[in-house]
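Asker: Structure incoming, see below.
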Amino acid sequence: MIKQPVEDMIKFSLEKYADMVRKISFMYLRNRNDVDDVFQEVFLKFLQNKVPFENEQHEKAWLIRVTINKCKDHCKSFWRQNTDTIEGLEIAFEDKAESDLIRAVRGLPAKYKDVIYLYYYEGYKVPEMAKMLEQKENTIYSNLHRAKQLLKQELGDNANEYTF
């Protein structure tokens with residue numbers, strides 16, 4: 001049986017980071033069942049993690065990195081590569097501009113998708129992202145710049161509706 005303080009810590013972390021893990025997973029996988037699978041894998045790994053976190057920021061960065069890696073692994077799986085998803089049934093957007101932006105972000109290569117998500121949705125600065133993604137700061141700046149250019153191209157005339 002899990003000791004009460006550990007159980008409380010797990011419950012707190014689950015409540016605090018559940019939405020973030022689901023959003024990252026959905027950005028990659030676009031399928032609720034796959035998102036649920038990755039969600040369970042991420043938090044199972046969290047439970048099995050023996051290394052203590054230095055602080056909440058370290059814990060959050062660890063969860064983001066594990067989520068991204070689990071999503072990439074899931075995308076490479078044989079089953080995922082040999083089945084089709086019906087994206088239109090997965091989610092309905094009320095706001096066309098929002099759906100265009102989300103579709104454009106989803107269409108980015110993974111290295112650009114990661115930096116866009118971490119920068120705009122999670123509020124990380126470039127030095128923090130460089131540590132988390134184990135890349136040089138200049139690489140992160142370049143990827144962020146290229147991602148913005150690709151989004152502007154993809155959104156065309158609608159790009160003016162967004163602040164990049």
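Residues in the structure tokens are numbered from 1 in each chain, the chains being A, B, ... in the order shown, and ligands are numbered from 1 in the order shown.
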Which residues are near stretch 119-126 of chain A? Cut-off 9 Å, only C-alpha atoms, ignore same chain within fewer than 6 positions. Put them as a ChimeraX atom specification.

Answerer: /A:20,137-138,140-141,144

Asker: Suppose we keep C-alpha atoms; can you now write the selection as a PDB file, in the first residue's frame?

Answerer:
```
ATOM      1  CA  MET A  20      -0.942  19.551 -19.920  1.00  0.00           C
ATOM      2  CA  GLU A 137      19.868  27.765 -27.571  1.00  0.00           C
ATOM      3  CA  ASN A 138      20.606  28.876 -31.138  1.00  0.00           C
ATOM      4  CA  ILE A 140      15.848  26.495 -30.398  1.00  0.00           C
ATOM      5  CA  TYR A 141      15.809  30.085 -31.710  1.00  0.00           C
ATOM      6  CA  LEU A 144      11.105  28.747 -33.278  1.00  0.00           C
TER       7      LEU A 144
END
```

Asker: Stretch 47-64 of chain A: which residues within 8 Å, counting only C-alpha atoms, same-chain residues fewer than 5 positions away excluded, as a ChimeraX atom specification?

Answerer: /A:10,17,21,24,42,132

Asker: Once you have the residues from the selection above, write them out as a PDB file, in the first residue's frame, restricted to N, CA and C atoms.

Answerer:
```
ATOM      1  N   ILE A  10       1.241  12.273  -5.393  1.00  0.00           N
ATOM      2  CA  ILE A  10       0.851  11.738  -6.697  1.00  0.00           C
ATOM      3  C   ILE A  10      -0.481  12.346  -7.137  1.00  0.00           C
ATOM      4  N   TYR A  17      -1.018  18.392 -13.543  1.00  0.00           N
ATOM      5  CA  TYR A  17      -0.417  18.231 -14.868  1.00  0.00           C
ATOM      6  C   TYR A  17      -1.252  17.407 -15.853  1.00  0.00           C
ATOM      7  N   VAL A  21      -0.509  17.155 -19.978  1.00  0.00           N
ATOM      8  CA  VAL A  21      -0.124  15.885 -20.612  1.00  0.00           C
ATOM      9  C   VAL A  21      -1.118  15.530 -21.711  1.00  0.00           C
ATOM     10  N   ILE A  24      -0.582  17.953 -24.848  1.00  0.00           N
ATOM     11  CA  ILE A  24       0.604  17.580 -25.628  1.00  0.00           C
ATOM     12  C   ILE A  24       0.317  16.306 -26.410  1.00  0.00           C
ATOM     13  N   VAL A  42       2.559   7.703 -19.228  1.00  0.00           N
ATOM     14  CA  VAL A  42       3.329   8.802 -18.636  1.00  0.00           C
ATOM     15  C   VAL A  42       3.214   8.774 -17.116  1.00  0.00           C
ATOM     16  N   MET A 132      15.696  21.445 -21.593  1.00  0.00           N
ATOM     17  CA  MET A 132      14.687  20.398 -21.609  1.00  0.00           C
ATOM     18  C   MET A 132      14.813  19.501 -22.841  1.00  0.00           C
TER      19      MET A 132
END
```

Asker: Which residue gives the smallest distance to A:Lys76 among A:Leu151, A:Glu7, A:Gln135, A:Leu29, with only C-alpha atoms counted?

Answerer: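 When distances to A:Lys76 are compared using only C-alpha atoms, the smallest one comes from A:Leu29.
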
Asker: If you measure from atom CA of A:Glu15 to atom CA of A:Arg32, what distance in Å do you get, rounded to one decimal?

Answerer: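 Interatomic distance, atom CA of A:Glu15 to atom CA of A:Arg32: 18.7 Å.
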
Asker: Counting only C-alpha atoms, figure out which residue out of A:Arg65, A:Lys70, A:His145, A:Lys113 gets nearest to A:Asp37.

Answerer: A:Lys70

Asker: DSSP on the backbone: what in stretch 3-159 of chain A comes out alpha helix (DSSP H), as a PyMOL selection string?

Answerer: chain A and resi 4-29+32-48+56-76+78-81+87-90+96-106+110-116+126-133+137-155

Asker: Could you work out how far atom CA of A:Phe12 lies from atom CA of A:Phe46, giving the answer in Å with one decimal?

Answerer: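 Between atom CA of A:Phe46 and atom CA of A:Phe12 the gap is 12.5 Å.
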
Asker: Any idea what the distance is between atom CA of A:Phe26 and atom CA of A:Gly156?

Answerer: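 Here the two named atoms are 24.3 Å from each other.
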